[in-house]
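Enquirer: See data.tsv below, with TSV, C-alpha atoms and all ligand atoms.
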chain	number	residue	atom	x	y	z
O	1	MET	CA	0.00	0.00	0.00
O	2	THR	CA	1.24	3.47	-0.88
O	3	THR	CA	0.95	6.38	1.53
O	4	ARG	CA	-0.03	9.47	-0.46
O	5	LEU	CA	1.09	12.83	0.88
O	6	ILE	CA	0.39	16.39	-0.21
O	7	VAL	CA	3.01	18.97	0.71
O	8	PHE	CA	2.05	22.62	1.23
O	9	ALA	CA	4.71	25.35	0.88
O	10	SER	CA	4.77	29.10	0.23
O	11	GLY	CA	8.33	30.04	-0.65
O	12	THR	CA	11.79	28.59	-1.09
O	13	GLY	CA	10.87	24.96	-0.64
O	14	SER	CA	14.06	23.58	0.86
O	15	ASN	CA	11.94	21.38	3.14
O	16	PHE	CA	9.85	20.20	0.21
O	17	GLU	CA	13.13	19.26	-1.48
O	18	ALA	CA	14.31	17.42	1.63
O	19	LEU	CA	11.06	15.40	1.66
O	20	ALA	CA	11.28	14.66	-2.08
O	21	THR	CA	14.90	13.50	-1.75
O	22	TYR	CA	14.23	11.39	1.35
O	23	PHE	CA	11.25	9.57	-0.20
O	24	ALA	CA	12.61	9.46	-3.77
O	25	GLY	CA	13.38	5.75	-3.88
O	26	ARG	CA	10.41	4.66	-1.80
O	27	ARG	CA	7.64	2.74	-3.51
O	28	ASP	CA	5.44	2.86	-0.39
O	29	VAL	CA	5.35	6.68	-0.18
O	30	SER	CA	4.27	9.11	-2.87
O	31	LEU	CA	4.20	12.90	-2.87
O	32	VAL	CA	1.03	13.29	-4.92
O	33	ALA	CA	0.92	17.10	-5.05
O	34	LEU	CA	2.64	20.30	-3.98
O	35	VAL	CA	0.23	23.09	-3.03
O	36	CYS	CA	1.55	26.64	-3.15
O	37	ASP	CA	-0.20	29.95	-2.48
O	38	HIS	CA	2.20	32.11	-4.58
O	39	LYS	CA	2.50	31.60	-8.30
O	40	ALA	CA	6.13	32.81	-8.41
O	41	ALA	CA	7.44	30.83	-5.44
O	42	PRO	CA	10.73	28.96	-6.05
O	43	VAL	CA	9.23	25.79	-4.56
O	44	LEU	CA	7.21	25.33	-7.75
O	45	ALA	CA	10.33	24.71	-9.85
O	46	LYS	CA	11.60	22.29	-7.21
O	47	ALA	CA	8.33	20.35	-7.44
O	48	LYS	CA	8.54	20.20	-11.22
O	49	ALA	CA	12.13	18.95	-11.00
O	50	ALA	CA	10.96	16.23	-8.61
O	51	HIS	CA	8.04	15.35	-10.94
O	52	VAL	CA	5.48	16.25	-8.28
O	53	PRO	CA	2.28	17.82	-9.69
O	54	THR	CA	1.68	21.39	-8.51
O	55	ILE	CA	-1.48	23.21	-7.48
O	56	VAL	CA	-1.34	26.99	-7.12
O	57	ILE	CA	-4.11	28.55	-5.07
O	58	ASP	CA	-4.55	32.32	-5.04
O	59	TYR	CA	-6.40	33.00	-1.81
O	60	ARG	CA	-6.97	36.64	-2.84
O	61	ALA	CA	-9.17	35.48	-5.71
O	62	TYR	CA	-11.81	34.26	-3.22
O	63	PRO	CA	-14.05	36.29	-0.92
O	64	THR	CA	-13.23	34.22	2.17
O	65	LYS	CA	-10.71	31.68	3.38
O	66	ALA	CA	-13.51	29.10	3.50
O	67	ALA	CA	-14.27	29.72	-0.18
O	68	ALA	CA	-10.59	29.39	-1.10
O	69	GLU	CA	-10.24	26.18	0.90
O	70	THR	CA	-13.41	24.71	-0.62
O	71	ALA	CA	-12.00	25.38	-4.10
O	72	LEU	CA	-8.66	23.92	-3.05
O	73	VAL	CA	-10.13	20.75	-1.52
O	74	ALA	CA	-12.00	20.15	-4.80
O	75	GLN	CA	-8.68	20.16	-6.68
O	76	LEU	CA	-6.69	17.97	-4.32
O	77	PRO	CA	-5.89	14.41	-5.29
O	78	GLU	CA	-6.78	11.57	-2.91
O	79	ALA	CA	-4.29	11.69	-0.04
O	80	ASP	CA	-3.59	10.16	3.35
O	81	GLY	CA	-2.03	13.25	4.91
O	82	LEU	CA	-0.96	16.85	4.44
O	83	VAL	CA	2.51	18.11	5.35
O	84	LEU	CA	2.86	21.88	5.81
O	85	ALA	CA	6.51	22.62	5.05
O	86	GLY	CA	6.86	26.38	5.13
O	87	PHE	CA	3.21	27.16	4.36
O	88	MET	CA	2.58	30.65	5.69
O	89	ARG	CA	-1.17	30.53	6.18
O	90	ILE	CA	-3.41	29.46	9.02
O	91	ILE	CA	-5.43	26.42	8.05
O	92	GLY	CA	-9.17	27.03	8.34
O	93	PRO	CA	-12.02	24.74	9.42
O	94	THR	CA	-12.78	23.62	5.83
O	95	LEU	CA	-9.36	22.09	5.22
O	96	LEU	CA	-9.13	20.78	8.79
O	97	ALA	CA	-12.44	18.97	8.37
O	98	ALA	CA	-11.31	17.45	5.06
O	99	PHE	CA	-8.23	15.89	6.73
O	100	PRO	CA	-9.07	15.40	10.42
O	101	ASP	CA	-5.91	14.60	12.45
O	102	ARG	CA	-4.04	14.18	9.15
O	103	ILE	CA	-2.30	17.56	8.87
O	104	ILE	CA	1.12	18.25	10.32
O	105	ASN	CA	3.23	21.42	10.36
O	106	LEU	CA	6.91	22.23	10.61
O	107	HIS	CA	7.82	25.17	12.86
O	108	PRO	CA	11.30	26.70	13.26
O	109	ALA	CA	11.26	27.09	17.07
O	110	LEU	CA	10.60	25.01	20.16
O	111	LEU	CA	6.83	25.42	20.57
O	112	PRO	CA	5.02	26.65	22.57
O	113	SER	CA	7.75	29.31	22.47
O	114	PHE	CA	7.88	31.65	19.49
O	115	PRO	CA	4.83	30.64	17.43
O	116	GLY	CA	3.90	32.59	14.31
O	117	ARG	CA	5.59	33.65	11.11
O	118	ALA	CA	9.05	34.56	12.41
O	119	GLY	CA	10.01	31.83	14.86
O	120	ILE	CA	13.76	31.97	14.18
O	121	ALA	CA	14.10	35.76	14.39
O	122	ASP	CA	11.80	36.01	17.42
O	123	ALA	CA	13.92	33.50	19.36
O	124	PHE	CA	17.17	35.18	18.28
O	125	GLU	CA	15.96	38.66	19.23
O	126	TYR	CA	14.56	37.49	22.55
O	127	GLY	CA	18.02	36.20	23.50
O	128	VAL	CA	17.24	32.60	24.41
O	129	THR	CA	20.25	30.30	24.32
O	130	VAL	CA	18.33	27.27	23.07
O	131	THR	CA	15.76	27.22	20.31
O	132	GLY	CA	15.00	24.48	17.79
O	133	VAL	CA	12.52	22.82	15.48
O	134	THR	CA	9.04	21.38	16.11
O	135	VAL	CA	6.78	19.11	14.08
O	136	HIS	CA	3.18	19.16	15.34
O	137	PHE	CA	-0.37	18.31	14.39
O	138	VAL	CA	-2.39	21.22	13.05
O	139	ASP	CA	-5.48	22.31	14.95
O	140	ALA	CA	-7.63	25.44	14.79
O	141	GLY	CA	-5.06	27.57	16.66
O	142	ILE	CA	-1.76	29.11	15.62
O	143	ASP	CA	1.04	26.53	16.02
O	144	SER	CA	-0.89	25.08	18.94
O	145	GLY	CA	-1.56	21.46	17.97
O	146	ARG	CA	-0.15	18.39	19.68
O	147	ILE	CA	3.63	18.14	19.43
O	148	ILE	CA	5.01	15.12	17.56
O	149	ALA	CA	8.78	15.76	17.52
O	150	GLN	CA	11.25	18.41	18.62
O	151	GLU	CA	14.97	18.95	18.20
O	152	PRO	CA	16.88	21.62	20.13
O	153	VAL	CA	19.39	23.98	18.49
O	154	ARG	CA	21.77	25.92	20.73
O	155	ILE	CA	22.26	29.61	19.98
O	156	ARG	CA	25.98	30.42	20.16
O	157	PRO	CA	27.30	33.77	21.38
O	158	ASP	CA	28.78	34.48	17.95
O	159	ASP	CA	25.65	33.49	16.01
O	160	THR	CA	24.06	35.94	13.62
O	161	LEU	CA	20.46	35.51	12.52
O	162	ALA	CA	21.83	34.10	9.25
O	163	THR	CA	24.06	31.46	10.87
O	164	LEU	CA	21.24	30.44	13.19
O	165	GLU	CA	18.83	30.16	10.25
O	166	THR	CA	21.26	27.86	8.46
O	167	ARG	CA	21.52	25.52	11.46
O	168	ILE	CA	17.74	25.51	12.02
O	169	HIS	CA	17.16	24.64	8.37
O	170	ASP	CA	19.74	21.84	8.52
O	171	VAL	CA	17.87	20.33	11.48
O	172	GLU	CA	14.51	20.78	9.74
O	173	HIS	CA	15.73	18.94	6.66
O	174	GLN	CA	16.45	15.89	8.85
O	175	LEU	CA	13.63	16.10	11.37
O	176	LEU	CA	10.70	16.60	9.00
O	177	PRO	CA	11.29	13.60	6.70
O	178	THR	CA	12.17	11.22	9.53
O	179	THR	CA	9.11	12.32	11.53
O	180	VAL	CA	6.85	11.83	8.51
O	181	ASP	CA	8.41	8.39	8.05
O	182	HIS	CA	7.70	7.49	11.71
O	183	LEU	CA	4.09	8.63	11.36
O	184	ILE	CA	3.68	6.43	8.27
O	185	GLU	CA	5.26	3.50	10.14
O	186	LYS	CA	2.84	4.03	13.04
O	187	GLY	CA	-0.15	4.17	10.68
O	188	VAL	CA	-1.04	7.77	11.49
O	189	PHE	CA	-1.13	8.69	7.79
G	1	LIG	C1	10.95	26.78	7.41
G	1	LIG	O1	11.96	27.24	8.27
G	1	LIG	C2	9.70	26.46	8.19
G	1	LIG	O2	9.96	25.95	9.47
G	1	LIG	C3	9.08	27.83	8.26
G	1	LIG	O3	9.25	28.37	6.99
G	1	LIG	C4	10.50	27.90	6.48
G	1	LIG	C5	10.31	27.44	5.05
G	1	LIG	O4	11.53	27.17	4.44
G	1	LIG	N1	7.70	27.75	8.63
G	1	LIG	C6	7.09	28.63	9.43
G	1	LIG	O5	7.66	29.60	9.89
G	1	LIG	C7	5.64	28.34	9.71
G	1	LIG	N2	5.15	29.23	10.71
G	1	LIG	P1	11.58	26.37	3.08
G	1	LIG	O6	10.58	27.05	2.13
G	1	LIG	O7	12.98	26.51	2.57
G	1	LIG	O8	11.20	24.95	3.35
Go ahead and express the file in the form of structure tokens.
Expert:
Amino acid sequence: MTTRLIVFASGTGSNFEALATYFAGRRDVSLVALVCDHKAAPVLAKAKAAHVPTIVIDYRAYPTKAAAETALVAQLPEADGLVLAGFMRIIGPTLLAAFPDRIINLHPALLPSFPGRAGIADAFEYGVTVTGVTVHFVDAGIDSGRIIAQEPVRIRPDDTLATLETRIHDVEHQLLPTTVDHLIEKGVF
């Protein structure tokens, strides 16, 4: 049996690429679509290179988030789970209801600290000495769902935001694919 996953991303797509590389030789796992909310996002070229079909959804073309999500759900292929890998939108009730307990998100901080759009910079500016990466289930809140996996990253005295970002991303590129793999193994997806 093949586990079918849809990846959601908004920008660069380095985590999409990490997932595509990790699962490339796997017959039991298939990335069946990449959903992106910006038509010029670099992740789209990465999806094409990985032969993953893309769906671009322009939320601004719809009167409400619910209308956009309804249109999106109608376009999605059959899937066992959704992986938000750098998707910069809050998931609404329509999409949550379509995939109950089947949506996970990657966050670049140790939740519940530093939720939101700028987890790396917020931790750096606050001055904590340990931050990290979280993978969690998505619920109706902002980065508030049940935590699945976390990995700490120490902030060094000589770190800049850029050097910290690089180390966070390196950890993300390992933690996200291995966590997805564990969830598949456990039958969550
Ligand atoms: C990642 O660091 C991810 O954790 C973060 O966006 C980045 C996307 O990078 N997500 C969030 O901040 C969600 N609140 P990528 O496009 O290179 O994968």
Enquirer: Find the residues near Ala41 in chain O: any atom within 7 Å, counting all atoms listed in the file, skip ones fewer than 2 places away on the same chain, and give them as a ChimeraX atom specification.
Expert: /O:10-12,38-39,43-44
Enquirer: Export C-alpha atoms of the chosen residues as a compact mmCIF listing (two decimals), in the frame of the given file?
Expert:
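Written out: selection02.txt:
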# COMPACT_ATOMS: atom_id res chain seq x y z
CA SER O 10 4.77 29.10 0.23
CA GLY O 11 8.33 30.04 -0.65
CA THR O 12 11.79 28.59 -1.09
CA HIS O 38 2.20 32.11 -4.58
CA LYS O 39 2.50 31.60 -8.30
CA VAL O 43 9.23 25.79 -4.56
CA LEU O 44 7.21 25.33 -7.75
Enquirer: Would you kindly return, as an MDAnalysis selection string, each protein, DNA or RNA residue with an atom no farther than 8 Å from any atom of Ala85 in chain O, considering all atoms listed in the file and excluding same-chain residues fewer than 3 positions away?
Expert: chainID O and resid 7:9 13 15:16 105:106
Enquirer: Write out as a CSV table (one decimal) with C-alpha atoms, keeping the file's coordinate frame each polymer residue (protein, DNA or RNA) that has an atom no more than 9 Å from ligand LIG 1 (chain G), with all atoms listed in the file counted.
Expert:
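Output below, filename part-v1.csv:
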chain,number,residue,atom,x,y,z
O,9,ALA,CA,4.7,25.4,0.9
O,10,SER,CA,4.8,29.1,0.2
O,11,GLY,CA,8.3,30.0,-0.6
O,12,THR,CA,11.8,28.6,-1.1
O,13,GLY,CA,10.9,25.0,-0.6
O,14,SER,CA,14.1,23.6,0.9
O,15,ASN,CA,11.9,21.4,3.1
O,16,PHE,CA,9.8,20.2,0.2
O,17,GLU,CA,13.1,19.3,-1.5
O,18,ALA,CA,14.3,17.4,1.6
O,42,PRO,CA,10.7,29.0,-6.0
O,43,VAL,CA,9.2,25.8,-4.6
O,84,LEU,CA,2.9,21.9,5.8
O,85,ALA,CA,6.5,22.6,5.0
O,86,GLY,CA,6.9,26.4,5.1
O,87,PHE,CA,3.2,27.2,4.4
O,88,MET,CA,2.6,30.6,5.7
O,89,ARG,CA,-1.2,30.5,6.2
O,90,ILE,CA,-3.4,29.5,9.0
O,105,ASN,CA,3.2,21.4,10.4
O,106,LEU,CA,6.9,22.2,10.6
O,107,HIS,CA,7.8,25.2,12.9
O,108,PRO,CA,11.3,26.7,13.3
O,109,ALA,CA,11.3,27.1,17.1
O,115,PRO,CA,4.8,30.6,17.4
O,116,GLY,CA,3.9,32.6,14.3
O,117,ARG,CA,5.6,33.6,11.1
O,118,ALA,CA,9.0,34.6,12.4
O,119,GLY,CA,10.0,31.8,14.9
O,120,ILE,CA,13.8,32.0,14.2
O,133,VAL,CA,12.5,22.8,15.5
O,134,THR,CA,9.0,21.4,16.1
O,135,VAL,CA,6.8,19.1,14.1
O,142,ILE,CA,-1.8,29.1,15.6
O,143,ASP,CA,1.0,26.5,16.0
O,165,GLU,CA,18.8,30.2,10.2
O,168,ILE,CA,17.7,25.5,12.0
O,169,HIS,CA,17.2,24.6,8.4
O,172,GLU,CA,14.5,20.8,9.7
O,173,HIS,CA,15.7,18.9,6.7
Enquirer: Compile the contact shell of His136 in chain O as an MDAnalysis selection string: residues with an atom at most 6 Å away, counting all atoms listed in the file, same-chain residues fewer than 5 positions apart removed.
Expert: chainID O and resid 104:105 145:148
Enquirer: Could you work out how far CA of Glu185 in chain O lies from CA of Ala50 in chain O, giving the answer in Å with one decimal?
Expert: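 So the two atoms, CA of Ala50 in chain O and CA of Glu185 in chain O, lie 23.4 Å apart.
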Enquirer: Could you state the separation of CA of Ala71 in chain O and CA of Asp101 in chain O in Å, given to one decimal place?
Expert: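 Taking CA of Ala71 in chain O as the start and CA of Asp101 in chain O as the end point, the length is 20.7 Å.
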Enquirer: If we count only C-alpha atoms, what is near range 23-33 of chain O at a cut-off of 6 Å, once residues fewer than 6 positions away on the same chain are taken out, given as a list in words?
Expert: Thr2, Thr3, Arg4, Leu5, Ile6, Val52, Pro53 and Thr54 of chain O
Enquirer: Quick one: pull the distance between CA of Arg154 in chain O and CA of His182 in chain O, Å, one decimal.
Expert: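 Atom-to-atom, CA of Arg154 in chain O to CA of His182 in chain O, that is 24.9 Å.
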Enquirer: Which residue, O:Ala40, O:Leu176, O:Leu72, O:Leu164, has the smallest gap to Thr21 in chain O when you use all atoms listed in the file?
Expert: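 Nearest candidate to Thr21 in chain O out of O:Ala40, O:Leu176, O:Leu72, O:Leu164: O:Leu176.
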Enquirer: Identify which of the residues O:Ala67, O:Leu34, O:Val171, O:Ile103 lies closest to Glu151 in chain O, counting only C-alpha atoms when measuring atom-to-atom distances.
Expert: O:Val171
Enquirer: Using all atoms listed in the file, find all polymer residues with an atom at most 12 Å away from the point (-13.0, 19.1, 6.8); report them as a PyMOL selection string.
Expert: chain O and resi 66+69-70+72-74+91-103+139-140
Enquirer: Pick out the residues sitting within 7 Å of Ile155 in chain O, and hand them over as a ChimeraX atom specification; count only C-alpha atoms, and ignore anything fewer than 6 positions along from it in its own chain.
Expert: /O:129-131,164
Enquirer: From the list O:Pro77, O:Thr160, O:Leu82, O:Tyr62, which residue is nearest Leu183 in chain O when using all atoms listed in the file?
Expert: O:Leu82
Enquirer: Hey, which of O:Ala20, O:Val188, O:Val138, O:Met1 ends up closest to His51 in chain O? Count all atoms listed in the file.
Expert: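 Using all atoms listed in the file, the shortest distance to His51 in chain O belongs to O:Ala20.
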Enquirer: Please return the centre and edge lengths, in Å to one decimal, of a box with edges along x, y and z that contains all listed atoms of range 138-154 of chain O, widened by 5 Å on every side, as lines of an AutoDock Vina configuration file.
Expert:
center_x = 7.1
center_y = 22.1
center_z = 16.9
size_x = 39.4
size_y = 24.0
size_z = 17.7
